[in-house]
Amino acid sequence: MSEPRTSFHHLTDFIALPRTSGLTLSPDGTRLVTTLATPNAKGTGYASALWEVDPSGERPAHRLTRSVEGEAGAEFAADGTLYFTSSRPAPGEEEKSSALWALPAQGGEARVVLTRPGGVSSVSCASAADTVVLGAPRLRGAATEAEHAELAKARKDAGVDAILHTGYPVRYWDHDLGPATPELFVLADGPDPDAPADQDDASADHPRAEQIEDAGGIPEEGEHHLRHLTGFDRSHGFGVSAQVAPDGSFALVTASRAGAKADMREWIARVDTATGQVTALVDEPGQDAHAGPISHDGTRAVVVVGPHTTPQSTQDPHLYLMDTATGELTPLAHDWDRWPHVVGWLPDDSAVIAVADQDGRAPLFRIDVPSGAATQVTHQDEAWSDVVISPDGTTLYGVRSSYLFPPEVARVDLATGEATRLQNPSERPAVPGTLEDVETTTEDGTRVRGWLALPAGKAPEGGHPLLLWIHGGPVSSWNAWSWRWNPWLMVAQGYAVLLPDPALSTGYGRDFVQRGWGRWGAEPYTDLMAITDAVEARADIDATRTAAMGGSFGGYMANWVAGHTDRFKAIVTHASLWALEGFGPTTDASFYWDREMSPEMMAANSPHRFVQDIVTPMLVIHGDKDYRVPIGEGLRLWYELLATSGLPAGEDGSTEHRFLYFPQENHWILTPQHAKVWYEVVQAFLAEKVLGEEAAPLPKELGLNP
């Protein structure tokens, strides 16, 4: 009897699966709001909507917003208003932009709060005051919002998108930086005092008044405007967001400061929300500092501070308690060999809750503030994110996932650690197999572990074909569900998928990362081969039919594998590093890379030096809008595979290698139609090279067959 069909047996079904992300909790603890993304009507993108989830788990989730463009960045204000951003058309506005919208606490329709050229990038609300802090870009030449609008219109009318830079960096991930810079604003009541006189008219026949009426009204306080606080030339993540004190009197911002030789460091600023005064609290050369949550009494914040990496030393971030008035730092949990992300304080400020990678999972931890002792709260095979704390401090809510189920909203009893799935906007999809924890011991005595996803039922004679999947980062872990690299799509095709955590992976202590630091082609590679050897020795695995795949750093390692062994039948390399010396100065944050490897390390660990040893067919995949690993890496890899590899192109130009190119995608292939093509091409390539099947039909959207 055949196994039941699942959503992973057909790519169209997989692409259609709803995707949950994000979580915010109302101040009274009675309302949870998450975001659910589903494919749009054309199937060319995802549209997100806000859904309310019952914290008690008794009532079904219900939808709060509906628009073609979708909603994001939901945040509850102290009065229960739910703010969010959306690019849906605002009444009276000709252009779509990321505007600020609100749902009143008492219910009703969403209304637009304000629009502006360039939109609103982030919303942060005080938990015990009516202060709402917004992050938004403003053009450098503008001193007011009116001037910003005028300059934006001038650029648009002239059809100019040129940007004149005076510093570094100039782009991030898949978009250009500038000419606007990140700014902080407070959402203020009433008309903008800096606006021209004719825009202050609030009479009923004014266009703005009509817009407000059409939008369903605004709060009794009147029209809103942005009161400017301060700007930052660059900021953490090249946007700007804030940790707002519970009483709303100040905000902590992680910003970036440029240095000599195109360097950059991250520092913590305190911004007074009444005056806009900026005070540098943690700002030291040679280290990065990141602001975390502020205590309920406003006197302390948990921050992360660590020295810059060097070619000899990996990351070494540590938690500190920071005095929010003076910036004085007190170590917190420095004896704990994990890199936690603190999500919030318990109501009495006696402890904080954190998430940390650990052994292929990402459980929740409680860190006692006086002693620094860390106690694990959850113990299941899952990874947590977007965690919020109930007002009484007894319950945690968060988004959890594992390789057995995609992200979902769940509740945790802090006393027992018991986790309960709430009634989510979507159901868990059934996976077509089983998941095992596997491990081996390397020649130097190091334990290396990973996940092995296996098809359901008895293995066929000779065993399952095996796919080695190598994670990106490289300082990361296979510990949470991935929509981009989902093993169950390949398991449904009959493959076993190995997801190992080699040297450089998180969740195993700093020494495990240091073991592979600056030695990408050494221990990370030998760890991968060791655990592959161990899995291939199983009776349910066919060691003669294997392939290796990876993206980003995983793509780098796939390239390295290709030049150092012929054990695999095929190799898929996505968004991969090829020639390290060329990659370093062209990635979007070269200062990070410059700290990571010396020129000698780059030469020793660069895969391009071994191109003549590559005899395995390779599928190269790259997006043109990839600024993290620029397209030049993929183009050079492709050319050198055909020109000088051990499996070169024939006299007629034919080759066993393939190059799948996406002109409009970035580091990851995100649009539904292209994700489908990605998997279809990968599956066809592996079926031919690993399974020995005749060339499978390629997606007709590529225009290669009827």
# chains A, B, ... in the order shown; residues from 1 in each chain; ligands from 1
call {"tool": "residues_around", "arguments": {"residues": "range 337-341 of chain A", "least_positions_apart": "4", "cutoff": "6 Å", "atoms": "only C-alpha atoms", "output": "compact mmCIF listing (two decimals) with N, CA and C atoms, in the first residue's frame"}}
result
# COMPACT_ATOMS: atom_id res chain seq x y z
N ALA A 354 15.22 34.28 27.03
CA ALA A 354 16.09 34.31 25.86
C ALA A 354 15.88 33.08 25.00
N VAL A 355 16.29 33.19 23.76
CA VAL A 355 16.34 32.07 22.82
C VAL A 355 17.80 31.87 22.44
N ALA A 356 18.25 30.62 22.35
CA ALA A 356 19.63 30.35 21.95
C ALA A 356 19.69 29.05 21.18
N GLY A 509 28.78 25.69 21.28
CA GLY A 509 29.82 26.39 22.01
C GLY A 509 30.76 27.16 21.10
call {"tool": "select_by_dssp", "arguments": {"residues": "range 150-388 of chain A", "states": "strand (DSSP E or B)", "output": "ChimeraX atom specification"}}
result
/A:171-172,175-176,180-189,224-231,234-235,242-244,250-258,264-272,278-282,287-294,300-307,310,313,318-323,329-332,341-345,351-355,358,361-362,364-368,374-376,383-388
call {"tool": "residues_around", "arguments": {"residues": "range 93-108 of chain A", "least_positions_apart": "3", "cutoff": "8 Å", "atoms": "only C-alpha atoms", "output": "ChimeraX atom specification"}}
result
/A:79-90,111-121
call {"tool": "write_last_selection", "arguments": {"atoms": "N, CA and C atoms", "output": "short mmCIF file (atom, residue, chain, number, x, y, z; two decimals), in the first residue's frame"}}
result
data_model
loop_
_atom_site.label_atom_id
_atom_site.label_comp_id
_atom_site.auth_asym_id
_atom_site.auth_seq_id
_atom_site.Cartn_x
_atom_site.Cartn_y
_atom_site.Cartn_z
N ASP A 79 -2.58 51.63 24.54
CA ASP A 79 -4.03 51.74 24.64
C ASP A 79 -4.77 50.64 23.89
N GLY A 80 -4.02 49.67 23.34
CA GLY A 80 -4.63 48.56 22.63
C GLY A 80 -4.76 48.76 21.14
N THR A 81 -4.42 49.94 20.64
CA THR A 81 -4.43 50.17 19.19
C THR A 81 -3.38 49.27 18.54
N LEU A 82 -3.74 48.68 17.43
CA LEU A 82 -2.82 47.82 16.70
C LEU A 82 -2.31 48.58 15.49
N TYR A 83 -1.05 48.98 15.54
CA TYR A 83 -0.43 49.66 14.41
C TYR A 83 0.23 48.64 13.49
N PHE A 84 0.27 48.96 12.20
CA PHE A 84 0.97 48.11 11.24
C PHE A 84 1.29 48.94 10.01
N THR A 85 2.13 48.41 9.16
CA THR A 85 2.44 49.07 7.90
C THR A 85 1.83 48.28 6.76
N SER A 86 1.47 49.00 5.71
CA SER A 86 0.89 48.37 4.53
C SER A 86 1.10 49.26 3.32
N SER A 87 1.31 48.64 2.17
CA SER A 87 1.43 49.39 0.92
C SER A 87 0.11 49.45 0.18
N ARG A 88 -0.98 49.10 0.85
CA ARG A 88 -2.31 49.23 0.23
C ARG A 88 -2.54 50.71 -0.10
N PRO A 89 -3.27 51.02 -1.16
CA PRO A 89 -3.50 52.42 -1.52
C PRO A 89 -4.28 53.14 -0.43
N ALA A 90 -3.75 54.27 0.04
CA ALA A 90 -4.47 55.07 1.02
C ALA A 90 -5.45 55.99 0.29
N ARG A 111 -7.67 51.93 9.44
CA ARG A 111 -7.64 53.28 8.88
C ARG A 111 -6.19 53.70 8.68
N VAL A 112 -5.96 54.53 7.70
CA VAL A 112 -4.62 55.04 7.47
C VAL A 112 -4.35 56.14 8.49
N VAL A 113 -3.18 56.10 9.10
CA VAL A 113 -2.79 57.10 10.08
C VAL A 113 -1.96 58.19 9.41
N LEU A 114 -1.01 57.78 8.58
CA LEU A 114 -0.25 58.77 7.83
C LEU A 114 0.47 58.10 6.67
N THR A 115 0.71 58.89 5.64
CA THR A 115 1.50 58.46 4.49
C THR A 115 2.61 59.48 4.27
N ARG A 116 3.66 59.03 3.62
CA ARG A 116 4.78 59.93 3.31
C ARG A 116 5.60 59.30 2.20
N PRO A 117 6.30 60.11 1.40
CA PRO A 117 7.21 59.55 0.40
C PRO A 117 8.31 58.73 1.08
N GLY A 118 8.55 57.54 0.56
CA GLY A 118 9.54 56.66 1.18
C GLY A 118 8.95 55.74 2.21
N GLY A 119 7.73 56.03 2.67
CA GLY A 119 7.03 55.15 3.58
C GLY A 119 7.55 55.15 5.00
N VAL A 120 7.02 54.21 5.79
CA VAL A 120 7.40 53.99 7.19
C VAL A 120 8.03 52.61 7.27
N SER A 121 9.20 52.51 7.89
CA SER A 121 9.92 51.24 7.90
C SER A 121 9.73 50.43 9.17
#
call {"tool": "closest_residue", "arguments": {"among": "A:Val438, A:Leu468, A:Ala522, A:Leu64", "to": "Arg538 in chain A", "atoms": "only C-alpha atoms"}}
result
A:Val438
call {"tool": "residues_around", "arguments": {"residues": "Ile621 in chain A", "least_positions_apart": "4", "cutoff": "7 Å", "atoms": "only C-alpha atoms", "output": "ChimeraX atom specification"}}
result
/A:573-575,659-661
call {"tool": "write_last_selection", "arguments": {"atoms": "C-alpha atoms", "output": "CSV table (one decimal), in the first residue's frame"}}
result
chain,number,residue,atom,x,y,z
A,573,THR,CA,25.6,25.2,-5.7
A,574,HIS,CA,23.3,28.2,-5.1
A,575,ALA,CA,24.4,31.9,-4.5
A,659,PHE,CA,23.4,27.4,-14.9
A,660,LEU,CA,20.0,28.5,-13.7
A,661,TYR,CA,19.9,32.3,-13.6
call {"tool": "atom_distance", "arguments": {"atom1": "CA of Pro179 in chain A", "atom2": "CA of Thr586 in chain A"}}
result
20.1 Å
call {"tool": "closest_atom_pairs", "arguments": {"of": "range 421-497 of chain A", "to": "range 663-684 of chain A", "cutoff": "12 Å", "atoms": "only C-alpha atoms", "output": "Markdown table"}}
result
| residue | atom | partner | partner_atom | distance |
| --- | --- | --- | --- | --- |
| A:Leu467 | CA | A:Gln683 | CA | 11.4 |
| A:Gly472 | CA | A:His667 | CA | 11.1 |
| A:Ser482 | CA | A:Trp668 | CA | 11.7 |
| A:Trp483 | CA | A:Leu670 | CA | 9.2 |
| A:Arg484 | CA | A:Trp668 | CA | 7.4 |
| A:Trp485 | CA | A:Tyr679 | CA | 9.5 |
| A:Asn486 | CA | A:Tyr679 | CA | 9.9 |
| A:Pro487 | CA | A:Tyr679 | CA | 11.0 |
| A:Trp488 | CA | A:Tyr679 | CA | 11.7 |
| A:Leu489 | CA | A:Tyr679 | CA | 8.3 |
| A:Met490 | CA | A:Gln683 | CA | 7.7 |
| A:Val491 | CA | A:Gln683 | CA | 11.2 |
| A:Ala492 | CA | A:Gln683 | CA | 11.0 |
| A:Gln493 | CA | A:Gln683 | CA | 8.4 |
| A:Gly494 | CA | A:Gln683 | CA | 11.1 |
| A:Tyr495 | CA | A:Gln683 | CA | 10.5 |
call {"tool": "write_last_selection", "arguments": {"atoms": "N, CA and C atoms", "output": "PDB file, in the first residue's frame"}}
result
ATOM      1  N   LEU A 467      21.010  12.887  -0.221  1.00  0.00           N
ATOM      2  CA  LEU A 467      21.383  14.262  -0.521  1.00  0.00           C
ATOM      3  C   LEU A 467      22.012  14.887   0.717  1.00  0.00           C
ATOM      4  N   GLY A 472      23.954  27.516   5.170  1.00  0.00           N
ATOM      5  CA  GLY A 472      24.633  28.782   4.938  1.00  0.00           C
ATOM      6  C   GLY A 472      25.091  29.403   6.235  1.00  0.00           C
ATOM      7  N   SER A 482      12.529  25.543   7.108  1.00  0.00           N
ATOM      8  CA  SER A 482      12.928  26.439   6.027  1.00  0.00           C
ATOM      9  C   SER A 482      11.991  26.250   4.848  1.00  0.00           C
ATOM     10  N   TRP A 483      11.466  27.366   4.333  1.00  0.00           N
ATOM     11  CA  TRP A 483      10.670  27.312   3.120  1.00  0.00           C
ATOM     12  C   TRP A 483      11.575  27.297   1.892  1.00  0.00           C
ATOM     13  N   ARG A 484      12.776  27.871   2.021  1.00  0.00           N
ATOM     14  CA  ARG A 484      13.681  27.944   0.872  1.00  0.00           C
ATOM     15  C   ARG A 484      14.386  26.619   0.632  1.00  0.00           C
ATOM     16  N   TRP A 485      14.874  26.007   1.690  1.00  0.00           N
ATOM     17  CA  TRP A 485      15.538  24.701   1.608  1.00  0.00           C
ATOM     18  C   TRP A 485      14.717  23.733   2.441  1.00  0.00           C
ATOM     19  N   ASN A 486      13.742  23.117   1.787  1.00  0.00           N
ATOM     20  CA  ASN A 486      12.830  22.241   2.511  1.00  0.00           C
ATOM     21  C   ASN A 486      13.095  20.790   2.148  1.00  0.00           C
ATOM     22  N   PRO A 487      13.609  19.992   3.082  1.00  0.00           N
ATOM     23  CA  PRO A 487      14.006  18.617   2.752  1.00  0.00           C
ATOM     24  C   PRO A 487      12.844  17.728   2.331  1.00  0.00           C
ATOM     25  N   TRP A 488      11.624  18.049   2.792  1.00  0.00           N
ATOM     26  CA  TRP A 488      10.502  17.133   2.542  1.00  0.00           C
ATOM     27  C   TRP A 488      10.112  17.093   1.070  1.00  0.00           C
ATOM     28  N   LEU A 489      10.429  18.140   0.314  1.00  0.00           N
ATOM     29  CA  LEU A 489      10.164  18.092  -1.122  1.00  0.00           C
ATOM     30  C   LEU A 489      11.021  17.032  -1.796  1.00  0.00           C
ATOM     31  N   MET A 490      12.239  16.847  -1.287  1.00  0.00           N
ATOM     32  CA  MET A 490      13.116  15.832  -1.850  1.00  0.00           C
ATOM     33  C   MET A 490      12.819  14.458  -1.253  1.00  0.00           C
ATOM     34  N   VAL A 491      12.422  14.422   0.022  1.00  0.00           N
ATOM     35  CA  VAL A 491      12.018  13.152   0.637  1.00  0.00           C
ATOM     36  C   VAL A 491      10.827  12.565  -0.111  1.00  0.00           C
ATOM     37  N   ALA A 492       9.902  13.437  -0.513  1.00  0.00           N
ATOM     38  CA  ALA A 492       8.735  12.963  -1.264  1.00  0.00           C
ATOM     39  C   ALA A 492       9.131  12.363  -2.604  1.00  0.00           C
ATOM     40  N   GLN A 493      10.328  12.693  -3.103  1.00  0.00           N
ATOM     41  CA  GLN A 493      10.830  12.125  -4.347  1.00  0.00           C
ATOM     42  C   GLN A 493      11.628  10.839  -4.100  1.00  0.00           C
ATOM     43  N   GLY A 494      11.730  10.433  -2.817  1.00  0.00           N
ATOM     44  CA  GLY A 494      12.415   9.195  -2.494  1.00  0.00           C
ATOM     45  C   GLY A 494      13.817   9.342  -1.947  1.00  0.00           C
ATOM     46  N   TYR A 495      14.300  10.566  -1.785  1.00  0.00           N
ATOM     47  CA  TYR A 495      15.648  10.785  -1.268  1.00  0.00           C
ATOM     48  C   TYR A 495      15.650  10.820   0.260  1.00  0.00           C
TER      49      TYR A 495
END
call {"tool": "select_by_dssp", "arguments": {"residues": "range 78-201 of chain A", "states": "helix (DSSP H, G or I)", "output": "MDAnalysis selection string"}}
result
chainID A and resid 145:158 197:199
call {"tool": "residues_around", "arguments": {"residues": "range 439-450 of chain A", "least_positions_apart": "4", "cutoff": "6 Å", "atoms": "only C-alpha atoms", "output": "list in words"}}
result
Leu499, Pro500, Asp501 and Ile531 of chain A
call {"tool": "atom_distance", "arguments": {"atom1": "CA of Val278 in chain A", "atom2": "CA of Asp323 in chain A"}}
result
15.6 Å
call {"tool": "atom_distance", "arguments": {"atom1": "CA of Val133 in chain A", "atom2": "CA of Arg366 in chain A"}}
result
28.5 Å
call {"tool": "residues_around", "arguments": {"residues": "range 35-45 of chain A", "least_positions_apart": "2", "cutoff": "9 Å", "atoms": "only C-alpha atoms", "output": "ChimeraX atom specification"}}
result
/A:15-23,33,47-52,68-74,425-426,670-674
call {"tool": "write_last_selection", "arguments": {"atoms": "C-alpha atoms", "output": "compact mmCIF listing (two decimals), in the first residue's frame"}}
result
# COMPACT_ATOMS: atom_id res chain seq x y z
CA ILE A 15 3.94 26.76 -2.80
CA ALA A 16 0.32 27.26 -1.70
CA LEU A 17 0.96 26.36 1.96
CA PRO A 18 0.23 29.35 4.29
CA ARG A 19 3.23 30.79 6.12
CA THR A 20 3.05 32.15 9.67
CA SER A 21 5.49 34.71 11.05
CA GLY A 22 5.72 37.38 13.74
CA LEU A 23 3.78 37.83 16.98
CA VAL A 33 -1.71 38.88 16.54
CA ALA A 47 0.36 38.68 0.41
CA SER A 48 0.29 38.82 4.19
CA ALA A 49 -2.67 39.43 6.46
CA LEU A 50 -2.98 39.99 10.20
CA TRP A 51 -4.74 37.25 12.17
CA GLU A 52 -5.77 37.21 15.82
CA VAL A 68 -4.11 42.77 -1.99
CA GLU A 69 -0.83 44.37 -0.87
CA GLY A 70 -0.86 42.83 2.61
CA GLU A 71 0.20 44.03 6.04
CA ALA A 72 3.33 43.72 8.19
CA GLY A 73 5.12 44.99 11.29
CA ALA A 74 2.14 44.73 13.67
CA PRO A 425 -4.77 30.41 11.12
CA SER A 426 -3.61 27.26 9.29
CA LEU A 670 11.50 34.13 -2.99
CA THR A 671 8.68 34.55 -5.51
CA PRO A 672 6.40 31.51 -5.78
CA GLN A 673 6.76 31.01 -9.51
CA HIS A 674 10.56 31.12 -9.35
call {"tool": "residues_around", "arguments": {"residues": "Asp288 in chain A", "least_positions_apart": "2", "cutoff": "8 Å", "atoms": "only C-alpha atoms", "output": "VMD selection string"}}
result
chain A and resid 265 to 267 284 286 290 305 to 308
call {"tool": "write_last_selection", "arguments": {"atoms": "N, CA and C atoms", "output": "PDB file, in the first residue's frame"}}
result
ATOM      1  N   ARG A 265      31.278  50.231  12.802  1.00  0.00           N
ATOM      2  CA  ARG A 265      30.987  49.555  14.072  1.00  0.00           C
ATOM      3  C   ARG A 265      29.583  49.939  14.516  1.00  0.00           C
ATOM      4  N   GLU A 266      28.983  49.070  15.311  1.00  0.00           N
ATOM      5  CA  GLU A 266      27.633  49.292  15.797  1.00  0.00           C
ATOM      6  C   GLU A 266      27.690  49.762  17.246  1.00  0.00           C
ATOM      7  N   TRP A 267      26.861  50.736  17.579  1.00  0.00           N
ATOM      8  CA  TRP A 267      26.898  51.348  18.903  1.00  0.00           C
ATOM      9  C   TRP A 267      25.471  51.581  19.389  1.00  0.00           C
ATOM     10  N   GLU A 284      32.439  52.029  21.482  1.00  0.00           N
ATOM     11  CA  GLU A 284      33.877  51.831  21.592  1.00  0.00           C
ATOM     12  C   GLU A 284      34.450  51.304  20.287  1.00  0.00           C
ATOM     13  N   GLY A 286      36.437  49.089  17.735  1.00  0.00           N
ATOM     14  CA  GLY A 286      36.833  47.695  17.782  1.00  0.00           C
ATOM     15  C   GLY A 286      35.805  46.741  18.339  1.00  0.00           C
ATOM     16  N   HIS A 290      24.724  45.991  20.651  1.00  0.00           N
ATOM     17  CA  HIS A 290      23.344  45.895  20.175  1.00  0.00           C
ATOM     18  C   HIS A 290      22.400  46.058  21.359  1.00  0.00           C
ATOM     19  N   VAL A 305      27.361  42.875  23.588  1.00  0.00           N
ATOM     20  CA  VAL A 305      28.598  43.573  23.226  1.00  0.00           C
ATOM     21  C   VAL A 305      29.659  42.524  22.914  1.00  0.00           C
ATOM     22  N   GLY A 306      30.380  42.734  21.831  1.00  0.00           N
ATOM     23  CA  GLY A 306      31.447  41.803  21.477  1.00  0.00           C
ATOM     24  C   GLY A 306      32.503  42.472  20.631  1.00  0.00           C
ATOM     25  N   PRO A 307      33.751  42.015  20.741  1.00  0.00           N
ATOM     26  CA  PRO A 307      34.820  42.590  19.920  1.00  0.00           C
ATOM     27  C   PRO A 307      34.652  42.191  18.466  1.00  0.00           C
ATOM     28  N   HIS A 308      35.212  43.013  17.584  1.00  0.00           N
ATOM     29  CA  HIS A 308      35.208  42.647  16.175  1.00  0.00           C
ATOM     30  C   HIS A 308      35.992  41.357  15.979  1.00  0.00           C
TER      31      HIS A 308
END
call {"tool": "closest_residue", "arguments": {"among": "A:Arg138, A:His318, A:His165, A:His564", "to": "Thr181 in chain A", "atoms": "only C-alpha atoms"}}
result
A:Arg138
call {"tool": "closest_residue", "arguments": {"among": "A:His225, A:Arg171, A:His657, A:Lys569", "to": "Ala589 in chain A", "atoms": "only C-alpha atoms"}}
result
A:Arg171
call {"tool": "closest_residue", "arguments": {"among": "A:Phe76, A:Phe685, A:Phe591, A:Trp520", "to": "Ala570 in chain A", "atoms": "only C-alpha atoms"}}
result
A:Phe685
call {"tool": "decode", "arguments": {"residues": "range 568-593 of chain A", "atoms": "N, CA and C atoms", "output": "CSV table (one decimal), in the first residue's frame"}}
result
chain,number,residue,atom,x,y,z
A,568,PHE,N,30.5,12.2,-5.2
A,568,PHE,CA,29.1,12.6,-5.4
A,568,PHE,C,28.8,12.5,-6.9
A,569,LYS,N,27.5,12.1,-7.2
A,569,LYS,CA,27.1,12.0,-8.6
A,569,LYS,C,26.7,13.4,-9.2
A,570,ALA,N,26.4,14.3,-8.3
A,570,ALA,CA,26.0,15.7,-8.8
A,570,ALA,C,26.2,16.6,-7.6
A,571,ILE,N,26.3,17.9,-7.9
A,571,ILE,CA,26.5,19.0,-6.9
A,571,ILE,C,25.6,20.2,-7.4
A,572,VAL,N,24.8,20.7,-6.5
A,572,VAL,CA,24.0,21.9,-6.7
A,572,VAL,C,24.6,23.0,-5.8
A,573,THR,N,25.0,24.1,-6.5
A,573,THR,CA,25.6,25.2,-5.7
A,573,THR,C,24.8,26.5,-6.0
A,574,HIS,N,24.2,27.1,-4.9
A,574,HIS,CA,23.3,28.2,-5.1
A,574,HIS,C,23.9,29.4,-4.4
A,575,ALA,N,23.9,30.6,-5.1
A,575,ALA,CA,24.4,31.9,-4.5
A,575,ALA,C,25.8,31.7,-3.8
A,576,SER,N,26.7,31.1,-4.5
A,576,SER,CA,27.9,30.6,-3.9
A,576,SER,C,29.1,31.5,-4.1
A,577,LEU,N,30.0,31.4,-3.1
A,577,LEU,CA,31.3,32.1,-3.1
A,577,LEU,C,32.2,31.2,-3.9
A,578,TRP,N,33.0,31.8,-4.8
A,578,TRP,CA,33.8,31.0,-5.7
A,578,TRP,C,35.3,31.5,-5.6
A,579,ALA,N,35.6,32.7,-5.9
A,579,ALA,CA,36.9,33.3,-5.8
A,579,ALA,C,36.9,34.3,-4.6
A,580,LEU,N,37.5,33.9,-3.5
A,580,LEU,CA,37.3,34.7,-2.2
A,580,LEU,C,37.9,36.1,-2.3
A,581,GLU,N,39.0,36.2,-3.0
A,581,GLU,CA,39.6,37.5,-3.1
A,581,GLU,C,38.7,38.5,-3.8
A,582,GLY,N,38.0,38.0,-4.9
A,582,GLY,CA,37.1,38.9,-5.6
A,582,GLY,C,35.8,39.1,-4.9
A,583,PHE,N,35.4,38.1,-4.1
A,583,PHE,CA,34.1,38.2,-3.4
A,583,PHE,C,34.2,39.3,-2.3
A,584,GLY,N,35.3,39.3,-1.6
A,584,GLY,CA,35.5,40.2,-0.4
A,584,GLY,C,35.2,41.6,-0.6
A,585,PRO,N,35.8,42.3,-1.6
A,585,PRO,CA,35.5,43.7,-1.8
A,585,PRO,C,34.2,44.0,-2.5
A,586,THR,N,33.4,43.0,-3.0
A,586,THR,CA,32.2,43.3,-3.7
A,586,THR,C,30.9,43.0,-3.0
A,587,THR,N,31.0,42.2,-1.9
A,587,THR,CA,29.8,41.9,-1.1
A,587,THR,C,29.3,43.2,-0.5
A,588,ASP,N,28.1,43.2,0.0
A,588,ASP,CA,27.5,44.4,0.5
A,588,ASP,C,28.0,44.9,1.8
A,589,ALA,N,28.7,44.1,2.6
A,589,ALA,CA,29.3,44.5,3.8
A,589,ALA,C,30.8,44.0,3.9
A,590,SER,N,31.6,44.6,3.1
A,590,SER,CA,33.0,44.1,3.0
A,590,SER,C,33.8,44.2,4.3
A,591,PHE,N,33.4,45.1,5.2
A,591,PHE,CA,34.2,45.2,6.4
A,591,PHE,C,34.1,44.0,7.3
A,592,TYR,N,32.9,43.3,7.2
A,592,TYR,CA,32.8,42.0,7.9
A,592,TYR,C,33.8,41.0,7.4
A,593,TRP,N,33.8,40.9,6.1
A,593,TRP,CA,34.7,39.9,5.4
A,593,TRP,C,36.1,40.2,5.7
